[in-house]
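Source file: work-v2.cif (mmCIF, N, CA and C atoms)
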```
data_upload
loop_
_atom_site.label_atom_id
_atom_site.label_comp_id
_atom_site.auth_asym_id
_atom_site.auth_seq_id
_atom_site.Cartn_x
_atom_site.Cartn_y
_atom_site.Cartn_z
N MET A 1 43.22 13.01 1.79
CA MET A 1 41.96 12.40 2.17
C MET A 1 40.91 13.50 2.32
N SER A 2 39.74 13.28 1.76
CA SER A 2 38.68 14.28 1.82
C SER A 2 38.01 14.25 3.19
N PRO A 3 37.43 15.38 3.61
CA PRO A 3 36.78 15.42 4.92
C PRO A 3 35.51 14.58 4.93
N PHE A 4 35.13 14.12 6.11
CA PHE A 4 33.93 13.31 6.26
C PHE A 4 32.69 14.15 5.98
N THR A 5 31.79 13.60 5.22
CA THR A 5 30.50 14.22 4.96
C THR A 5 29.42 13.25 5.39
N SER A 6 28.52 13.71 6.25
CA SER A 6 27.41 12.88 6.70
C SER A 6 26.21 13.06 5.77
N TYR A 7 25.55 11.97 5.50
CA TYR A 7 24.33 11.98 4.68
C TYR A 7 23.12 11.65 5.54
N MET A 8 23.27 11.78 6.85
CA MET A 8 22.17 11.45 7.75
C MET A 8 20.99 12.39 7.56
N ASP A 9 21.23 13.64 7.17
CA ASP A 9 20.10 14.55 6.94
C ASP A 9 19.18 14.01 5.85
N ALA A 10 19.75 13.42 4.83
CA ALA A 10 18.93 12.83 3.75
C ALA A 10 18.13 11.64 4.29
N ALA A 11 18.74 10.83 5.15
CA ALA A 11 18.03 9.70 5.74
C ALA A 11 16.91 10.21 6.66
N LEU A 12 17.17 11.28 7.40
CA LEU A 12 16.13 11.86 8.25
C LEU A 12 14.97 12.40 7.42
N ASP A 13 15.27 12.97 6.25
CA ASP A 13 14.20 13.42 5.35
C ASP A 13 13.31 12.24 4.94
N GLU A 14 13.92 11.11 4.66
CA GLU A 14 13.16 9.91 4.30
C GLU A 14 12.33 9.42 5.48
N ALA A 15 12.88 9.52 6.69
CA ALA A 15 12.13 9.11 7.89
C ALA A 15 10.91 10.01 8.08
N ARG A 16 11.08 11.31 7.88
CA ARG A 16 9.95 12.24 8.02
C ARG A 16 8.87 11.93 6.99
N ALA A 17 9.29 11.64 5.76
CA ALA A 17 8.32 11.29 4.71
C ALA A 17 7.59 10.00 5.07
N ALA A 18 8.29 9.04 5.66
CA ALA A 18 7.65 7.79 6.08
C ALA A 18 6.59 8.08 7.13
N ALA A 19 6.91 8.94 8.09
CA ALA A 19 5.94 9.28 9.13
C ALA A 19 4.70 9.93 8.53
N GLU A 20 4.90 10.79 7.55
CA GLU A 20 3.76 11.44 6.89
C GLU A 20 2.86 10.43 6.18
N ARG A 21 3.43 9.30 5.77
CA ARG A 21 2.64 8.23 5.14
C ARG A 21 2.02 7.29 6.17
N GLY A 22 2.28 7.54 7.46
CA GLY A 22 1.77 6.67 8.51
C GLY A 22 2.66 5.48 8.79
N GLU A 23 3.86 5.52 8.29
CA GLU A 23 4.83 4.45 8.53
C GLU A 23 5.74 4.82 9.70
N VAL A 24 6.32 3.82 10.35
CA VAL A 24 7.31 4.10 11.39
C VAL A 24 8.43 4.91 10.74
N PRO A 25 8.79 6.05 11.35
CA PRO A 25 9.75 6.96 10.71
C PRO A 25 11.20 6.48 10.74
N VAL A 26 11.52 5.65 9.78
CA VAL A 26 12.89 5.21 9.58
C VAL A 26 13.23 5.50 8.13
N GLY A 27 14.41 6.08 7.92
CA GLY A 27 14.86 6.40 6.58
C GLY A 27 16.27 5.91 6.36
N ALA A 28 16.60 5.66 5.09
CA ALA A 28 17.93 5.15 4.74
C ALA A 28 18.36 5.72 3.39
N VAL A 29 19.67 5.92 3.26
CA VAL A 29 20.25 6.29 1.98
C VAL A 29 21.52 5.48 1.76
N VAL A 30 21.75 5.13 0.50
CA VAL A 30 22.98 4.44 0.10
C VAL A 30 23.83 5.43 -0.68
N VAL A 31 25.09 5.52 -0.30
CA VAL A 31 26.01 6.48 -0.90
C VAL A 31 27.13 5.73 -1.60
N ALA A 32 27.35 6.04 -2.87
CA ALA A 32 28.40 5.41 -3.66
C ALA A 32 29.77 5.93 -3.22
N PRO A 33 30.83 5.23 -3.59
CA PRO A 33 32.18 5.70 -3.25
C PRO A 33 32.47 7.12 -3.76
N SER A 34 31.77 7.54 -4.80
CA SER A 34 31.94 8.89 -5.34
C SER A 34 31.35 9.97 -4.44
N GLY A 35 30.54 9.56 -3.46
CA GLY A 35 29.87 10.51 -2.59
C GLY A 35 28.47 10.88 -3.06
N ARG A 36 27.99 10.22 -4.09
CA ARG A 36 26.67 10.49 -4.63
C ARG A 36 25.65 9.54 -4.00
N ILE A 37 24.51 10.08 -3.60
CA ILE A 37 23.43 9.22 -3.10
C ILE A 37 22.85 8.46 -4.29
N VAL A 38 22.88 7.14 -4.22
CA VAL A 38 22.38 6.31 -5.32
C VAL A 38 21.02 5.69 -5.03
N ALA A 39 20.60 5.73 -3.77
CA ALA A 39 19.28 5.20 -3.42
C ALA A 39 18.85 5.79 -2.09
N ARG A 40 17.56 5.96 -1.96
CA ARG A 40 16.99 6.48 -0.71
C ARG A 40 15.62 5.85 -0.53
N ALA A 41 15.26 5.64 0.74
CA ALA A 41 13.95 5.03 1.01
C ALA A 41 13.57 5.26 2.46
N GLY A 42 12.28 5.18 2.69
CA GLY A 42 11.72 5.18 4.03
C GLY A 42 10.89 3.93 4.19
N ASN A 43 10.56 3.60 5.42
CA ASN A 43 9.73 2.41 5.65
C ASN A 43 8.46 2.46 4.81
N ARG A 44 8.05 1.30 4.28
CA ARG A 44 6.80 1.18 3.52
C ARG A 44 6.12 -0.16 3.82
N THR A 45 6.30 -0.67 5.04
CA THR A 45 5.74 -1.99 5.36
C THR A 45 4.22 -2.00 5.28
N ARG A 46 3.59 -0.96 5.79
CA ARG A 46 2.12 -0.90 5.76
C ARG A 46 1.62 -0.63 4.35
N GLU A 47 2.22 0.33 3.70
CA GLU A 47 1.79 0.71 2.35
C GLU A 47 1.86 -0.47 1.39
N LEU A 48 2.93 -1.24 1.48
CA LEU A 48 3.14 -2.36 0.56
C LEU A 48 2.65 -3.69 1.12
N SER A 49 2.13 -3.68 2.34
CA SER A 49 1.73 -4.94 3.01
C SER A 49 2.86 -5.96 2.92
N ASP A 50 4.05 -5.49 3.28
CA ASP A 50 5.26 -6.30 3.13
C ASP A 50 6.14 -6.13 4.37
N PRO A 51 6.25 -7.18 5.19
CA PRO A 51 7.05 -7.05 6.41
C PRO A 51 8.54 -6.83 6.14
N THR A 52 8.99 -7.05 4.91
CA THR A 52 10.40 -6.83 4.59
C THR A 52 10.66 -5.44 4.02
N ALA A 53 9.64 -4.61 3.89
CA ALA A 53 9.80 -3.30 3.26
C ALA A 53 10.33 -2.25 4.24
N HIS A 54 11.40 -2.62 4.94
CA HIS A 54 12.09 -1.68 5.81
C HIS A 54 12.90 -0.73 4.93
N ALA A 55 13.19 0.44 5.46
CA ALA A 55 13.93 1.46 4.71
C ALA A 55 15.25 0.92 4.16
N GLU A 56 15.98 0.18 4.99
CA GLU A 56 17.28 -0.34 4.55
C GLU A 56 17.13 -1.31 3.39
N ILE A 57 16.17 -2.21 3.49
CA ILE A 57 15.97 -3.21 2.44
C ILE A 57 15.60 -2.52 1.13
N LEU A 58 14.67 -1.58 1.20
CA LEU A 58 14.25 -0.88 -0.02
C LEU A 58 15.40 -0.08 -0.63
N ALA A 59 16.20 0.58 0.20
CA ALA A 59 17.34 1.34 -0.32
C ALA A 59 18.39 0.41 -0.92
N LEU A 60 18.65 -0.72 -0.26
CA LEU A 60 19.62 -1.67 -0.80
C LEU A 60 19.14 -2.24 -2.14
N ARG A 61 17.86 -2.58 -2.22
CA ARG A 61 17.31 -3.12 -3.48
C ARG A 61 17.49 -2.11 -4.61
N ALA A 62 17.16 -0.85 -4.34
CA ALA A 62 17.28 0.18 -5.38
C ALA A 62 18.74 0.41 -5.77
N ALA A 63 19.63 0.43 -4.80
CA ALA A 63 21.05 0.64 -5.10
C ALA A 63 21.62 -0.54 -5.90
N CYS A 64 21.24 -1.75 -5.53
CA CYS A 64 21.71 -2.93 -6.27
C CYS A 64 21.18 -2.92 -7.70
N ALA A 65 19.92 -2.55 -7.86
CA ALA A 65 19.34 -2.48 -9.21
C ALA A 65 20.08 -1.44 -10.04
N ALA A 66 20.38 -0.30 -9.44
CA ALA A 66 21.11 0.75 -10.17
C ALA A 66 22.52 0.31 -10.53
N ALA A 67 23.14 -0.46 -9.64
CA ALA A 67 24.51 -0.94 -9.89
C ALA A 67 24.54 -2.18 -10.79
N GLY A 68 23.40 -2.84 -10.94
CA GLY A 68 23.36 -4.07 -11.72
C GLY A 68 24.11 -5.19 -11.03
N SER A 69 24.11 -5.18 -9.71
CA SER A 69 24.85 -6.18 -8.94
C SER A 69 24.17 -6.39 -7.59
N GLU A 70 24.33 -7.58 -7.04
CA GLU A 70 23.79 -7.85 -5.71
C GLU A 70 24.72 -7.37 -4.60
N ARG A 71 25.86 -6.85 -4.98
CA ARG A 71 26.85 -6.39 -4.01
C ARG A 71 27.20 -4.93 -4.25
N LEU A 72 27.48 -4.24 -3.15
CA LEU A 72 27.76 -2.81 -3.21
C LEU A 72 29.08 -2.48 -2.49
N PRO A 73 30.18 -3.06 -2.93
CA PRO A 73 31.44 -2.79 -2.24
C PRO A 73 31.79 -1.30 -2.31
N GLY A 74 32.31 -0.79 -1.21
CA GLY A 74 32.70 0.61 -1.15
C GLY A 74 31.56 1.56 -0.85
N HIS A 75 30.34 1.07 -0.83
CA HIS A 75 29.18 1.93 -0.57
C HIS A 75 28.93 2.07 0.94
N ASP A 76 28.34 3.20 1.29
CA ASP A 76 27.96 3.47 2.68
C ASP A 76 26.44 3.44 2.79
N LEU A 77 25.96 3.06 3.96
CA LEU A 77 24.53 3.09 4.23
C LEU A 77 24.31 3.94 5.47
N TYR A 78 23.44 4.92 5.34
CA TYR A 78 23.02 5.77 6.46
C TYR A 78 21.58 5.41 6.77
N VAL A 79 21.31 5.10 8.03
CA VAL A 79 19.94 4.77 8.44
C VAL A 79 19.68 5.40 9.79
N THR A 80 18.46 5.86 9.99
CA THR A 80 18.13 6.63 11.18
C THR A 80 17.99 5.79 12.44
N LEU A 81 17.80 4.49 12.31
CA LEU A 81 17.62 3.60 13.45
C LEU A 81 18.51 2.38 13.29
N GLU A 82 19.03 1.89 14.39
CA GLU A 82 19.84 0.67 14.37
C GLU A 82 19.10 -0.42 13.59
N PRO A 83 19.74 -1.00 12.58
CA PRO A 83 19.07 -2.03 11.79
C PRO A 83 18.66 -3.25 12.60
N CYS A 84 17.52 -3.81 12.24
CA CYS A 84 17.04 -5.04 12.85
C CYS A 84 17.89 -6.21 12.33
N PRO A 85 17.73 -7.40 12.86
CA PRO A 85 18.51 -8.54 12.38
C PRO A 85 18.36 -8.82 10.88
N MET A 86 17.14 -8.71 10.36
CA MET A 86 16.92 -8.94 8.93
C MET A 86 17.74 -7.95 8.10
N CYS A 87 17.66 -6.68 8.47
CA CYS A 87 18.37 -5.65 7.71
C CYS A 87 19.88 -5.77 7.88
N ALA A 88 20.33 -6.09 9.08
CA ALA A 88 21.76 -6.27 9.30
C ALA A 88 22.31 -7.39 8.42
N SER A 89 21.56 -8.46 8.31
CA SER A 89 21.99 -9.57 7.45
C SER A 89 22.06 -9.13 5.99
N ALA A 90 21.05 -8.38 5.54
CA ALA A 90 21.05 -7.88 4.16
C ALA A 90 22.23 -6.93 3.92
N ILE A 91 22.56 -6.11 4.90
CA ILE A 91 23.70 -5.20 4.80
C ILE A 91 24.98 -6.00 4.60
N SER A 92 25.11 -7.08 5.35
CA SER A 92 26.28 -7.95 5.20
C SER A 92 26.30 -8.61 3.83
N GLN A 93 25.16 -9.13 3.40
CA GLN A 93 25.09 -9.79 2.08
C GLN A 93 25.42 -8.83 0.95
N ALA A 94 25.03 -7.56 1.11
CA ALA A 94 25.29 -6.56 0.06
C ALA A 94 26.73 -6.06 0.09
N ARG A 95 27.47 -6.45 1.11
CA ARG A 95 28.87 -6.03 1.25
C ARG A 95 29.04 -4.52 1.43
N ILE A 96 28.10 -3.91 2.15
CA ILE A 96 28.20 -2.48 2.46
C ILE A 96 29.50 -2.25 3.23
N ALA A 97 30.23 -1.22 2.85
CA ALA A 97 31.53 -0.94 3.48
C ALA A 97 31.38 -0.32 4.87
N ARG A 98 30.48 0.67 4.97
CA ARG A 98 30.31 1.40 6.22
C ARG A 98 28.83 1.61 6.50
N LEU A 99 28.43 1.32 7.74
CA LEU A 99 27.07 1.53 8.21
C LEU A 99 27.10 2.65 9.23
N TYR A 100 26.30 3.68 8.98
CA TYR A 100 26.13 4.78 9.92
C TYR A 100 24.67 4.77 10.37
N TYR A 101 24.44 4.71 11.67
CA TYR A 101 23.05 4.76 12.10
C TYR A 101 22.87 5.74 13.25
N GLY A 102 21.63 6.19 13.39
CA GLY A 102 21.29 7.20 14.39
C GLY A 102 20.93 6.60 15.73
N ALA A 103 19.66 6.40 15.96
CA ALA A 103 19.15 5.94 17.25
C ALA A 103 19.45 4.46 17.46
N ALA A 104 19.78 4.13 18.71
CA ALA A 104 19.93 2.73 19.10
C ALA A 104 18.54 2.12 19.22
N ASP A 105 18.46 0.80 19.06
CA ASP A 105 17.19 0.10 19.18
C ASP A 105 17.34 -1.11 20.10
N PRO A 106 17.33 -0.88 21.42
CA PRO A 106 17.52 -1.99 22.36
C PRO A 106 16.48 -3.09 22.24
N LYS A 107 15.27 -2.74 21.77
CA LYS A 107 14.19 -3.73 21.67
C LYS A 107 14.32 -4.63 20.44
N SER A 108 14.62 -4.03 19.28
CA SER A 108 14.59 -4.79 18.03
C SER A 108 15.86 -4.70 17.20
N GLY A 109 16.88 -4.05 17.71
CA GLY A 109 18.12 -3.90 16.95
C GLY A 109 18.85 -5.22 16.77
N GLY A 110 19.66 -5.25 15.72
CA GLY A 110 20.42 -6.47 15.43
C GLY A 110 21.90 -6.23 15.26
N VAL A 111 22.36 -5.01 15.57
CA VAL A 111 23.77 -4.68 15.40
C VAL A 111 24.46 -4.59 16.75
N ALA A 112 24.04 -3.64 17.59
CA ALA A 112 24.62 -3.48 18.92
C ALA A 112 23.78 -4.16 19.99
N HIS A 113 22.56 -4.53 19.63
CA HIS A 113 21.64 -5.18 20.56
C HIS A 113 21.17 -6.50 19.97
N GLY A 114 20.42 -7.25 20.77
CA GLY A 114 19.83 -8.49 20.26
C GLY A 114 20.89 -9.46 19.76
N PRO A 115 20.69 -9.99 18.57
CA PRO A 115 21.59 -11.05 18.07
C PRO A 115 22.96 -10.56 17.61
N ARG A 116 23.16 -9.26 17.48
CA ARG A 116 24.46 -8.71 17.04
C ARG A 116 24.98 -9.48 15.82
N VAL A 117 24.24 -9.37 14.76
CA VAL A 117 24.44 -10.14 13.54
C VAL A 117 25.89 -10.14 13.05
N PHE A 118 26.54 -8.99 13.10
CA PHE A 118 27.90 -8.90 12.54
C PHE A 118 28.94 -9.66 13.36
N GLU A 119 28.58 -10.07 14.58
CA GLU A 119 29.51 -10.82 15.43
C GLU A 119 29.45 -12.32 15.18
N HIS A 120 28.48 -12.78 14.39
CA HIS A 120 28.33 -14.21 14.14
C HIS A 120 29.31 -14.68 13.07
N PRO A 121 29.83 -15.89 13.21
CA PRO A 121 30.73 -16.41 12.18
C PRO A 121 30.06 -16.57 10.82
N GLN A 122 28.72 -16.67 10.81
CA GLN A 122 28.00 -16.78 9.54
C GLN A 122 27.95 -15.47 8.79
N SER A 123 28.30 -14.39 9.44
CA SER A 123 28.33 -13.08 8.79
C SER A 123 29.65 -12.99 8.02
N HIS A 124 29.58 -13.24 6.72
CA HIS A 124 30.79 -13.31 5.91
C HIS A 124 31.41 -11.95 5.63
N HIS A 125 30.66 -10.90 5.82
CA HIS A 125 31.18 -9.55 5.63
C HIS A 125 30.70 -8.69 6.79
N VAL A 126 31.62 -7.94 7.37
CA VAL A 126 31.29 -7.05 8.48
C VAL A 126 31.66 -5.63 8.08
N PRO A 127 30.65 -4.76 7.99
CA PRO A 127 30.96 -3.38 7.65
C PRO A 127 31.57 -2.65 8.85
N GLU A 128 32.21 -1.53 8.59
CA GLU A 128 32.57 -0.63 9.68
C GLU A 128 31.25 -0.05 10.18
N VAL A 129 31.09 0.08 11.49
CA VAL A 129 29.83 0.56 12.05
C VAL A 129 30.09 1.81 12.89
N TYR A 130 29.29 2.83 12.61
CA TYR A 130 29.36 4.09 13.35
C TYR A 130 27.95 4.40 13.83
N ASP A 131 27.77 4.49 15.14
CA ASP A 131 26.43 4.71 15.68
C ASP A 131 26.31 6.11 16.29
N GLY A 132 25.07 6.47 16.59
CA GLY A 132 24.81 7.74 17.26
C GLY A 132 24.83 8.96 16.37
N ILE A 133 24.85 8.79 15.05
CA ILE A 133 24.87 9.91 14.12
C ILE A 133 23.46 10.55 14.10
N ALA A 134 23.35 11.78 14.55
CA ALA A 134 22.06 12.49 14.63
C ALA A 134 21.03 11.68 15.42
N ALA A 135 21.50 11.00 16.45
CA ALA A 135 20.62 10.12 17.24
C ALA A 135 19.48 10.89 17.90
N ALA A 136 19.74 12.08 18.40
CA ALA A 136 18.70 12.83 19.10
C ALA A 136 17.52 13.14 18.19
N GLU A 137 17.80 13.55 16.95
CA GLU A 137 16.71 13.85 16.01
C GLU A 137 15.97 12.58 15.60
N ALA A 138 16.69 11.51 15.36
CA ALA A 138 16.06 10.24 15.00
C ALA A 138 15.15 9.75 16.13
N GLU A 139 15.63 9.85 17.37
CA GLU A 139 14.83 9.45 18.52
C GLU A 139 13.59 10.34 18.66
N ARG A 140 13.76 11.63 18.45
CA ARG A 140 12.64 12.57 18.56
C ARG A 140 11.54 12.21 17.56
N LEU A 141 11.92 11.90 16.32
CA LEU A 141 10.93 11.52 15.31
C LEU A 141 10.16 10.27 15.74
N LEU A 142 10.87 9.29 16.24
CA LEU A 142 10.23 8.04 16.67
C LEU A 142 9.30 8.28 17.85
N LYS A 143 9.76 9.04 18.84
CA LYS A 143 8.93 9.31 20.02
C LYS A 143 7.67 10.08 19.65
N MET A 144 7.81 11.09 18.79
CA MET A 144 6.64 11.86 18.35
C MET A 144 5.65 10.97 17.62
N PHE A 145 6.16 10.12 16.74
CA PHE A 145 5.31 9.23 15.95
C PHE A 145 4.48 8.33 16.87
N PHE A 146 5.13 7.69 17.83
CA PHE A 146 4.43 6.76 18.70
C PHE A 146 3.55 7.48 19.72
N ALA A 147 3.95 8.66 20.17
CA ALA A 147 3.12 9.44 21.10
C ALA A 147 1.80 9.83 20.45
N ASP A 148 1.85 10.14 19.16
CA ASP A 148 0.64 10.53 18.43
C ASP A 148 -0.33 9.35 18.27
N ARG A 149 0.15 8.14 18.42
CA ARG A 149 -0.69 6.96 18.22
C ARG A 149 -1.21 6.36 19.53
N ARG A 150 -0.78 6.93 20.64
CA ARG A 150 -1.22 6.39 21.94
C ARG A 150 -2.37 7.16 22.48
#
```
Starting from the file, lay out its structure as structure tokens.
Amino acid sequence: MSPFTSYMDAALDEARAAAERGEVPVGAVVVAPSGRIVARAGNRTRELSDPTAHAEILALRAACAAAGSERLPGHDLYVTLEPCPMCASAISQARIARLYYGAADPKSGGVAHGPRVFEHPQSHHVPEVYDGIAAAEAERLLKMFFADRR
């Protein structure tokens, strides 16, 4: 078995790029079973005037397009913030194998907080979930972003 490799640094790079665009600094990357990053994205809700343009959704769309399938079995998703309910549902629909996220989101999260989407019987697929990956850096980016706007 090969050693664990985290791709959270790539997701953090996407979060930083989102912040530079004036977006909430959340980044996501999708990793194929081969260990290759197949999609990456940061939030673009303001830029695209699209409330669904969260980093996870954009990364999943790009990965599905590259795979030519609506499902991504065996793929991992790294995201800097606990996914919201919308994104958690999309993660389930895409059949992501493993979800790694950084900062917890007690206000708007949908995995460990709020509706806990993966615990519902309507969630036909439940990924393995690993939280707290590079959480301190993800939290720092979010706090800096919002402090600059107050």
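Once the PyMOL selection byres ((chain A and resi 132) around 7) is applied to the shown structure, the selection contains Tyr100, Tyr101, Gly102, Ala103, Ala104, Tyr130, Asp131, Ile133, Ala134, Ala135 and Ala136 of chain A.
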Could you tell me how far atom C of Glu137 (chain A) sits from atom C of Val38 (chain A), in Å to one decimal place? 22.3 Å
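Among the candidate residues A:Asp76, A:Asp148, A:Glu70, A:Glu20, the one lying nearest to Pro127 (chain A) is A:Asp76, with distances computed using only C-alpha atoms.
Reported to one decimal place, the separation of atom N of Gly22 (chain A) from CA of Ile96 (chain A) is 28.2 Å.
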Using DSSP on the backbone coordinates, identify the residues of region 19-137 of chain A assigned to strand (DSSP E); present them as an NGL selection string. :A and (27-31 or 37-42 or 76-81 or 98-103 or 128-130)
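The coordinates place CA of Ala17 (chain A) at 23.0 Å from CA of Ala90 (chain A).
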